[in-house]
>>> print(open('my_file-v3.pdb').read())   # PDB, C-alpha atoms
ATOM      1  CA  MET A   9      91.212  69.746 125.244  1.00  0.00           C
ATOM      2  CA  ASP A  10      94.730  70.910 124.792  1.00  0.00           C
ATOM      3  CA  LEU A  11      96.730  70.811 121.568  1.00  0.00           C
ATOM      4  CA  THR A  12      98.841  67.797 122.627  1.00  0.00           C
ATOM      5  CA  THR A  13      95.791  65.648 123.340  1.00  0.00           C
ATOM      6  CA  LEU A  14      94.146  66.692 120.087  1.00  0.00           C
ATOM      7  CA  SER A  15      97.347  65.872 118.190  1.00  0.00           C
ATOM      8  CA  ALA A  16      97.547  62.423 119.856  1.00  0.00           C
ATOM      9  CA  ILE A  17      93.905  61.661 118.998  1.00  0.00           C
ATOM     10  CA  THR A  18      94.428  62.773 115.386  1.00  0.00           C
ATOM     11  CA  THR A  19      97.559  60.633 115.121  1.00  0.00           C
ATOM     12  CA  ALA A  20      95.726  57.619 116.577  1.00  0.00           C
ATOM     13  CA  ILE A  21      92.832  58.053 114.134  1.00  0.00           C
ATOM     14  CA  ALA A  22      95.212  58.498 111.187  1.00  0.00           C
ATOM     15  CA  THR A  23      97.200  55.410 112.216  1.00  0.00           C
ATOM     16  CA  SER A  24      94.017  53.377 112.588  1.00  0.00           C
ATOM     17  CA  LEU A  25      92.761  54.473 109.183  1.00  0.00           C
ATOM     18  CA  TYR A  26      96.132  53.731 107.614  1.00  0.00           C
ATOM     19  CA  THR A  27      96.178  50.256 109.202  1.00  0.00           C
ATOM     20  CA  PHE A  28      92.597  49.611 108.081  1.00  0.00           C
ATOM     21  CA  PHE A  29      93.255  50.618 104.454  1.00  0.00           C
ATOM     22  CA  PHE A  30      96.556  48.750 104.392  1.00  0.00           C
ATOM     23  CA  SER A  31      94.773  45.611 105.637  1.00  0.00           C
ATOM     24  CA  ILE A  32      92.154  45.982 102.910  1.00  0.00           C
ATOM     25  CA  ALA A  33      94.911  46.358 100.304  1.00  0.00           C
ATOM     26  CA  LEU A  34      96.644  43.215 101.605  1.00  0.00           C
ATOM     27  CA  TRP A  35      93.380  41.262 101.538  1.00  0.00           C
ATOM     28  CA  PHE A  36      92.689  42.438  97.974  1.00  0.00           C
ATOM     29  CA  ALA A  37      96.208  41.381  96.891  1.00  0.00           C
ATOM     30  CA  TYR A  38      95.703  37.982  98.521  1.00  0.00           C
ATOM     31  CA  VAL A  39      92.359  37.417  96.775  1.00  0.00           C
ATOM     32  CA  GLN A  40      93.824  38.510  93.470  1.00  0.00           C
ATOM     33  CA  THR A  41      96.824  36.197  93.865  1.00  0.00           C
ATOM     34  CA  LYS A  42      94.528  33.257  94.606  1.00  0.00           C
ATOM     35  CA  GLY A  43      92.603  34.074  91.434  1.00  0.00           C
ATOM     36  CA  PHE A  44      95.824  34.142  89.405  1.00  0.00           C
ATOM     37  CA  GLU A  45      96.868  30.774  90.840  1.00  0.00           C
ATOM     38  CA  LYS A  46      93.523  29.219  89.956  1.00  0.00           C
ATOM     39  CA  SER A  47      93.668  30.716  86.481  1.00  0.00           C
ATOM     40  CA  ARG A  48      97.217  29.447  85.932  1.00  0.00           C
ATOM     41  CA  LYS A  49      96.262  25.906  86.964  1.00  0.00           C
ATOM     42  CA  LEU A  50      93.231  25.978  84.700  1.00  0.00           C
ATOM     43  CA  GLN A  51      95.322  27.262  81.810  1.00  0.00           C
ATOM     44  CA  SER A  52      97.902  24.476  82.217  1.00  0.00           C
ATOM     45  CA  THR A  53      95.116  21.883  82.354  1.00  0.00           C
ATOM     46  CA  ILE A  54      93.553  23.234  79.162  1.00  0.00           C
ATOM     47  CA  LEU A  55      96.934  23.136  77.408  1.00  0.00           C
ATOM     48  CA  PHE A  56      97.379  19.487  78.304  1.00  0.00           C
ATOM     49  CA  PHE A  57      93.887  18.620  77.125  1.00  0.00           C
ATOM     50  CA  GLU A  58      94.810  20.186  73.799  1.00  0.00           C
ATOM     51  CA  GLU A  59      98.003  18.137  73.698  1.00  0.00           C
ATOM     52  CA  LEU A  60      96.235  14.889  74.608  1.00  0.00           C
ATOM     53  CA  LYS A  61      93.597  15.324  71.929  1.00  0.00           C
ATOM     54  CA  SER A  62      96.077  16.276  69.208  1.00  0.00           C
ATOM     55  CA  ALA A  63      96.145  13.961  66.217  1.00  0.00           C
ATOM     56  CA  GLY A  64      99.765  12.954  66.851  1.00  0.00           C
ATOM     57  CA  ASN A  65      99.128  12.046  70.462  1.00  0.00           C
ATOM     58  CA  ARG A  66      95.971  10.079  69.634  1.00  0.00           C
ATOM     59  CA  GLU A  67      97.813   8.184  66.900  1.00  0.00           C
ATOM     60  CA  ALA A  68     100.651   7.402  69.312  1.00  0.00           C
ATOM     61  CA  ARG A  69      98.180   5.932  71.805  1.00  0.00           C
ATOM     62  CA  LYS A  70      96.466   3.894  69.068  1.00  0.00           C
ATOM     63  CA  LYS A  71      99.849   2.528  68.082  1.00  0.00           C
ATOM     64  CA  LEU A  72     100.534   1.687  71.722  1.00  0.00           C
ATOM     65  CA  TYR A  73      97.234  -0.166  72.095  1.00  0.00           C
ATOM     66  CA  LYS A  74      97.600  -2.091  68.821  1.00  0.00           C
ATOM     67  CA  LYS A  75     101.308  -2.897  68.593  1.00  0.00           C
ATOM     68  CA  VAL A  76     102.697  -3.314  72.106  1.00  0.00           C
ATOM     69  CA  PRO A  77     101.982  -6.839  73.403  1.00  0.00           C
ATOM     70  CA  GLU A  78     100.665  -7.316  76.917  1.00  0.00           C
ATOM     71  CA  ASN A  79     103.086 -10.153  77.695  1.00  0.00           C
ATOM     72  CA  ILE A  80     106.684  -9.210  76.917  1.00  0.00           C
ATOM     73  CA  SER A  81     108.497 -11.879  78.923  1.00  0.00           C
ATOM     74  CA  ALA A  82     109.553 -13.936  75.869  1.00  0.00           C
ATOM     75  CA  LEU A  83     110.650 -10.989  73.720  1.00  0.00           C
ATOM     76  CA  LYS A  84     114.245 -10.111  72.879  1.00  0.00           C
ATOM     77  CA  ASP A  85     115.751  -6.747  73.728  1.00  0.00           C
ATOM     78  CA  GLU A  86     115.758  -5.487  70.126  1.00  0.00           C
ATOM     79  CA  TYR A  87     111.967  -5.892  69.946  1.00  0.00           C
ATOM     80  CA  LEU A  88     111.540  -4.317  73.352  1.00  0.00           C
ATOM     81  CA  GLU A  89     113.601  -1.303  72.216  1.00  0.00           C
ATOM     82  CA  LYS A  90     111.156  -0.805  69.325  1.00  0.00           C
ATOM     83  CA  TYR A  91     108.208  -1.107  71.684  1.00  0.00           C
ATOM     84  CA  LEU A  92     109.857   1.337  74.074  1.00  0.00           C
ATOM     85  CA  ASP A  93     109.936   3.939  71.286  1.00  0.00           C
ATOM     86  CA  ILE A  94     106.183   3.464  70.822  1.00  0.00           C
ATOM     87  CA  VAL A  95     105.600   3.697  74.586  1.00  0.00           C
ATOM     88  CA  GLN A  96     107.647   6.871  74.978  1.00  0.00           C
ATOM     89  CA  GLU A  97     105.840   8.621  72.171  1.00  0.00           C
ATOM     90  CA  ALA A  98     102.467   7.715  73.679  1.00  0.00           C
ATOM     91  CA  VAL A  99     103.073   8.433  77.374  1.00  0.00           C
ATOM     92  CA  LEU A 100     105.534  11.308  77.752  1.00  0.00           C
ATOM     93  CA  SER A 101     102.610  13.737  78.055  1.00  0.00           C
ATOM     94  CA  PHE A 102     101.277  11.693  80.958  1.00  0.00           C
ATOM     95  CA  ASP A 103     104.664  11.824  82.652  1.00  0.00           C
ATOM     96  CA  ARG A 104     104.663  15.637  82.360  1.00  0.00           C
ATOM     97  CA  ILE A 105     101.101  15.820  83.683  1.00  0.00           C
ATOM     98  CA  GLY A 106     102.091  13.612  86.626  1.00  0.00           C
ATOM     99  CA  TYR A 107     105.015  15.920  87.334  1.00  0.00           C
ATOM    100  CA  LEU A 108     102.847  19.055  87.269  1.00  0.00           C
ATOM    101  CA  ILE A 109     100.259  17.481  89.551  1.00  0.00           C
ATOM    102  CA  GLN A 110     102.900  16.190  91.951  1.00  0.00           C
ATOM    103  CA  GLU A 111     104.520  19.637  92.139  1.00  0.00           C
ATOM    104  CA  GLY A 112     101.166  21.371  92.713  1.00  0.00           C
ATOM    105  CA  HIS A 113     101.155  23.241  89.391  1.00  0.00           C
ATOM    106  CA  MET A 114      98.026  21.469  88.181  1.00  0.00           C
ATOM    107  CA  ASP A 115      94.947  20.048  89.879  1.00  0.00           C
ATOM    108  CA  SER A 116      94.288  16.375  89.296  1.00  0.00           C
ATOM    109  CA  ASP A 117      90.493  16.542  89.595  1.00  0.00           C
ATOM    110  CA  LEU A 118      89.644  17.578  86.051  1.00  0.00           C
ATOM    111  CA  ILE A 119      92.342  15.421  84.478  1.00  0.00           C
ATOM    112  CA  LEU A 120      91.104  12.343  86.344  1.00  0.00           C
ATOM    113  CA  LYS A 121      87.432  13.003  85.622  1.00  0.00           C
ATOM    114  CA  LEU A 122      88.024  13.260  81.909  1.00  0.00           C
ATOM    115  CA  CYS A 123      91.126  11.151  81.263  1.00  0.00           C
ATOM    116  CA  TRP A 124      91.392   8.412  83.882  1.00  0.00           C
ATOM    117  CA  ARG A 125      90.497   5.700  81.327  1.00  0.00           C
ATOM    118  CA  ILE A 126      93.155   6.831  78.864  1.00  0.00           C
ATOM    119  CA  ILE A 127      95.770   7.016  81.614  1.00  0.00           C
ATOM    120  CA  TRP A 128      94.719   3.625  82.972  1.00  0.00           C
ATOM    121  CA  ARG A 129      94.780   1.879  79.558  1.00  0.00           C
ATOM    122  CA  SER A 130      98.068   3.472  78.611  1.00  0.00           C
ATOM    123  CA  TRP A 131      99.780   2.316  81.803  1.00  0.00           C
ATOM    124  CA  LYS A 132      98.347  -1.204  81.601  1.00  0.00           C
ATOM    125  CA  LYS A 133      99.600  -1.499  78.033  1.00  0.00           C
ATOM    126  CA  SER A 134     103.017   0.054  78.639  1.00  0.00           C
ATOM    127  CA  GLY A 135     103.846  -0.691  82.275  1.00  0.00           C
ATOM    128  CA  ASP A 136     105.852  -3.859  81.611  1.00  0.00           C
ATOM    129  CA  VAL A 137     107.926  -2.186  78.900  1.00  0.00           C
ATOM    130  CA  ILE A 138     108.601   0.752  81.243  1.00  0.00           C
ATOM    131  CA  LYS A 139     109.667  -1.642  84.015  1.00  0.00           C
ATOM    132  CA  TRP A 140     111.954  -3.427  81.534  1.00  0.00           C
ATOM    133  CA  ALA A 141     113.498  -0.080  80.510  1.00  0.00           C
ATOM    134  CA  ARG A 142     114.063   0.861  84.163  1.00  0.00           C
ATOM    135  CA  GLU A 143     115.983  -2.353  84.766  1.00  0.00           C
ATOM    136  CA  LYS A 144     117.882  -2.240  81.471  1.00  0.00           C
ATOM    137  CA  ARG A 145     118.971   1.369  81.964  1.00  0.00           C
ATOM    138  CA  GLU A 146     119.402   1.009  85.719  1.00  0.00           C
ATOM    139  CA  GLU A 147     117.153   4.041  86.047  1.00  0.00           C
ATOM    140  CA  PRO A 148     114.453   3.255  88.642  1.00  0.00           C
ATOM    141  CA  THR A 149     112.719   6.629  88.255  1.00  0.00           C
ATOM    142  CA  TYR A 150     112.176   6.407  84.493  1.00  0.00           C
ATOM    143  CA  LEU A 151     108.608   7.617  83.777  1.00  0.00           C
ATOM    144  CA  HIS A 152     107.801   7.361  87.491  1.00  0.00           C
ATOM    145  CA  ARG A 153     105.501  10.368  87.327  1.00  0.00           C
ATOM    146  CA  PHE A 154     103.408   8.557  84.758  1.00  0.00           C
ATOM    147  CA  LYS A 155     103.166   5.712  87.293  1.00  0.00           C
ATOM    148  CA  TYR A 156     102.139   8.290  89.900  1.00  0.00           C
ATOM    149  CA  LEU A 157      99.407   9.532  87.542  1.00  0.00           C
ATOM    150  CA  PHE A 158      98.290   5.940  86.951  1.00  0.00           C
ATOM    151  CA  ASP A 159      98.080   5.374  90.723  1.00  0.00           C
ATOM    152  CA  LEU A 160      95.882   8.477  91.003  1.00  0.00           C
ATOM    153  CA  SER A 161      93.643   7.228  88.196  1.00  0.00           C
ATOM    154  CA  GLU A 162      93.406   3.769  89.758  1.00  0.00           C
ATOM    155  CA  SER A 163      92.389   5.318  93.083  1.00  0.00           C
ATOM    156  CA  TYR A 164      89.858   7.479  91.273  1.00  0.00           C
ATOM    157  CA  ARG A 165      88.467   4.406  89.467  1.00  0.00           C
ATOM    158  CA  ILE A 166      88.115   2.427  92.690  1.00  0.00           C
ATOM    159  CA  GLN A 167      86.612   5.323  94.678  1.00  0.00           C
ATOM    160  CA  ASN A 168      83.966   5.833  92.018  1.00  0.00           C
ATOM    161  CA  GLY A 169      83.221   2.137  91.576  1.00  0.00           C
ATOM    162  CA  TYR A 170      84.164   2.066  87.884  1.00  0.00           C
ATOM    163  CA  LYS A 171      85.083  -1.197  86.167  1.00  0.00           C
ATOM    164  CA  GLU A 172      88.498  -1.678  84.633  1.00  0.00           C
ATOM    165  CA  PRO A 173      88.383  -0.346  81.070  1.00  0.00           C
ATOM    166  CA  LYS A 174      88.872  -2.704  78.158  1.00  0.00           C
ATOM    167  CA  ILE A 175      92.225  -2.490  76.469  1.00  0.00           C
ATOM    168  CA  TYR A 176      91.744  -2.693  72.746  1.00  0.00           C
TER     169      TYR A 176
END
>>> encode(input="my_file-v3.pdb", output="structure tokens")
Amino acid sequence: MDLTTLSAITTAIATSLYTFFFSIALWFAYVQTKGFEKSRKLQSTILFFEELKSAGNREARKKLYKKVPENISALKDEYLEKYLDIVQEAVLSFDRIGYLIQEGHMDSDLILKLCWRIIWRSWKKSGDVIKWAREKREEPTYLHRFKYLFDLSESYRIQNGYKEPKIY
């Protein structure tokens, strides 16, 4: 074997080893990135669970369930404005959750498993007031991500054969 052939073989082996180790490094980076993504989604879900179970948020939902009437057709705008304040306080977290799910920053599975009833009740109690606000403000997308989250929870309810929750 002459020196040129030996040099070519050495170069080929070195290039192959370099390519092999570089591929392993890329695979490791990919796996690590996937782990970070999963961790980030889990962290955002945990933060929202903390927000939803906070005393202020629970009180806002209680107020929504107790004070906002189901039939608002005969009510004047000044009463509906007061009810809208109650609705906003109770459901803004759901609108943010809907946004994060829609944008792929949060997985819906855990939220729906644990919170579909709360989401469902909150929309059923506030949906008419939200629709009124959309018309009054001429803002058709007002709290539309909360509606998106409700649609997900309704699909989840139907797929799992659950009955409609009672609204108290």
>>> atom_distance(input="my_file-v3.pdb", atom1="CA of Ile175 (chain A)", atom2="CA of Lys84 (chain A)")
23.6 Å
>>> residues_around(input="my_file-v3.pdb", residues="Lys74 (chain A)", least_positions_apart="4", cutoff="12 Å", atoms="all atoms listed in the file", output="PyMOL selection string")
chain A and resi 67-70+78+91+94-95+98+129-130+133-134+175-176
>>> closest_residue(input="my_file-v3.pdb", among="A:Ile105, A:Thr13, A:Thr149, A:Lys90", to="Lys71 (chain A)", atoms="all atoms listed in the file")
A:Lys90
>>> closest_residue(input="my_file-v3.pdb", among="A:Leu108, A:Leu160, A:Cys123, A:Ala16", to="Lys61 (chain A)", atoms="all atoms listed in the file")
A:Cys123
>>> closest_residue(input="my_file-v3.pdb", among="A:Tyr87, A:Phe154, A:Tyr26, A:Tyr73", to="Phe102 (chain A)", atoms="only C-alpha atoms")
A:Phe154
>>> closest_residue(input="my_file-v3.pdb", among="A:Lys121, A:Leu25, A:Trp35, A:Gln96", to="Asn168 (chain A)", atoms="all atoms listed in the file")
A:Lys121
>>> atom_distance(input="my_file-v3.pdb", atom1="CA of Lys46 (chain A)", atom2="CA of Arg104 (chain A)")
19.1 Å
>>> resolve_selection(input="my_file-v3.pdb", expression="the PyMOL selection byres ((chain A and resi 56-58) around 12)", output="ChimeraX atom specification")
/A:49-55,59-66,100-106,108-109,114-116,118-120,122-123,126
>>> closest_residue(input="my_file-v3.pdb", among="A:Phe36, A:Ser47, A:Leu151, A:Ala141", to="Glu86 (chain A)", atoms="all atoms listed in the file")
A:Ala141
>>> atom_distance(input="my_file-v3.pdb", atom1="CA of Thr27 (chain A)", atom2="CA of Phe44 (chain A)")
25.5 Å
>>> build_atoms(input="my_file-v3.pdb", residues="region 13-24 of chain A", atoms="all heavy atoms", output="tab-separated table (two decimals), in the coordinates of the input")
chain	number	residue	atom	x	y	z
A	13	THR	N	96.79	66.71	123.33
A	13	THR	CA	95.79	65.65	123.34
A	13	THR	C	95.11	65.53	121.99
A	13	THR	O	94.90	64.44	121.46
A	13	THR	CB	94.74	65.92	124.43
A	13	THR	OG1	95.39	66.15	125.67
A	13	THR	CG2	93.77	64.78	124.56
A	14	LEU	N	94.78	66.68	121.40
A	14	LEU	CA	94.15	66.69	120.09
A	14	LEU	C	95.08	66.09	119.03
A	14	LEU	O	94.64	65.31	118.17
A	14	LEU	CB	93.76	68.13	119.71
A	14	LEU	CG	92.93	68.29	118.45
A	14	LEU	CD1	91.62	67.51	118.55
A	14	LEU	CD2	92.62	69.75	118.22
A	15	SER	N	96.35	66.42	119.12
A	15	SER	CA	97.35	65.87	118.19
A	15	SER	C	97.47	64.36	118.36
A	15	SER	O	97.58	63.62	117.39
A	15	SER	CB	98.69	66.55	118.43
A	15	SER	OG	99.66	65.98	117.61
A	16	ALA	N	97.45	63.86	119.58
A	16	ALA	CA	97.55	62.42	119.86
A	16	ALA	C	96.33	61.69	119.31
A	16	ALA	O	96.43	60.59	118.74
A	16	ALA	CB	97.71	62.17	121.35
A	17	ILE	N	95.14	62.28	119.50
A	17	ILE	CA	93.90	61.66	119.00
A	17	ILE	C	93.92	61.62	117.47
A	17	ILE	O	93.59	60.61	116.85
A	17	ILE	CB	92.66	62.41	119.53
A	17	ILE	CG1	92.51	62.19	121.03
A	17	ILE	CG2	91.40	61.96	118.80
A	17	ILE	CD1	91.43	63.04	121.68
A	18	THR	N	94.34	62.70	116.84
A	18	THR	CA	94.43	62.77	115.39
A	18	THR	C	95.42	61.74	114.86
A	18	THR	O	95.15	61.04	113.88
A	18	THR	CB	94.84	64.19	114.94
A	18	THR	OG1	93.95	65.14	115.51
A	18	THR	CG2	94.83	64.32	113.44
A	19	THR	N	96.55	61.62	115.52
A	19	THR	CA	97.56	60.63	115.12
A	19	THR	C	97.01	59.22	115.27
A	19	THR	O	97.21	58.36	114.40
A	19	THR	CB	98.84	60.80	115.96
A	19	THR	OG1	99.31	62.14	115.81
A	19	THR	CG2	99.91	59.83	115.53
A	20	ALA	N	96.31	58.95	116.34
A	20	ALA	CA	95.73	57.62	116.58
A	20	ALA	C	94.69	57.29	115.51
A	20	ALA	O	94.64	56.17	114.98
A	20	ALA	CB	95.11	57.54	117.96
A	21	ILE	N	93.86	58.27	115.17
A	21	ILE	CA	92.83	58.05	114.13
A	21	ILE	C	93.50	57.83	112.78
A	21	ILE	O	93.13	56.91	112.04
A	21	ILE	CB	91.85	59.24	114.09
A	21	ILE	CG1	90.98	59.25	115.35
A	21	ILE	CG2	90.97	59.17	112.84
A	21	ILE	CD1	90.11	60.50	115.48
A	22	ALA	N	94.50	58.63	112.47
A	22	ALA	CA	95.21	58.50	111.19
A	22	ALA	C	95.90	57.13	111.09
A	22	ALA	O	95.86	56.46	110.06
A	22	ALA	CB	96.21	59.63	111.02
A	23	THR	N	96.53	56.71	112.19
A	23	THR	CA	97.20	55.41	112.22
A	23	THR	C	96.19	54.28	112.06
A	23	THR	O	96.43	53.32	111.32
A	23	THR	CB	97.99	55.25	113.53
A	23	THR	OG1	98.92	56.33	113.66
A	23	THR	CG2	98.73	53.94	113.56
A	24	SER	N	95.06	54.40	112.70
A	24	SER	CA	94.02	53.38	112.59
A	24	SER	C	93.48	53.29	111.16
A	24	SER	O	93.30	52.20	110.62
A	24	SER	CB	92.86	53.67	113.55
A	24	SER	OG	93.31	53.61	114.87
